[in-house]
Amino acid sequence: MMRYEGNQELADKTACARVRADLKMCLLKSDCCAKDKNLPRDCLYKTDGTVPDECHALRNTFFECKRSLLDNRTRFRGRKGY
């Protein structure tokens, strides 16, 4: 299992790995996973208040990062969310 605390080195060296790790930790710390015992995948799209807005912002950042991998303009602008 990959551990990520602040400035530790990630085992995953792929693009958007930091954002993915931040999103995963945010979801695991949310009430949806901690109290309700749901999987992070199930909590990703919940809007009932058990998932903080920070996790939804990280989800959007992760989406933008993954989308920027397919965008040809990133050769000049760099990846988003990095």
# chains A, B, ... in the order shown; residues from 1 in each chain; ligands from 1
>>> residues_around(residues="stretch 22-30 of chain A", least_positions_apart="5", cutoff="9 Å", atoms="only C-alpha atoms", output="count of residues only")
18
>>> closest_residue(among="A:Asp31, A:Lys37, A:Ala15, A:Arg77", to="A:Gly49", atoms="only C-alpha atoms")
A:Asp31
>>> atom_distance(atom1="atom CA of A:Tyr45", atom2="atom CA of A:Thr61")
14.5 Å
>>> atom_distance(atom1="atom CA of A:Asp36", atom2="atom CA of A:Asp12")
28.3 Å
>>> atom_distance(atom1="atom CA of A:Lys66", atom2="atom CA of A:Ala21")
13.7 Å
>>> closest_residue(among="A:Asn38, A:Cys16, A:Cys32, A:Lys46", to="A:Glu64", atoms="only C-alpha atoms")
A:Cys16
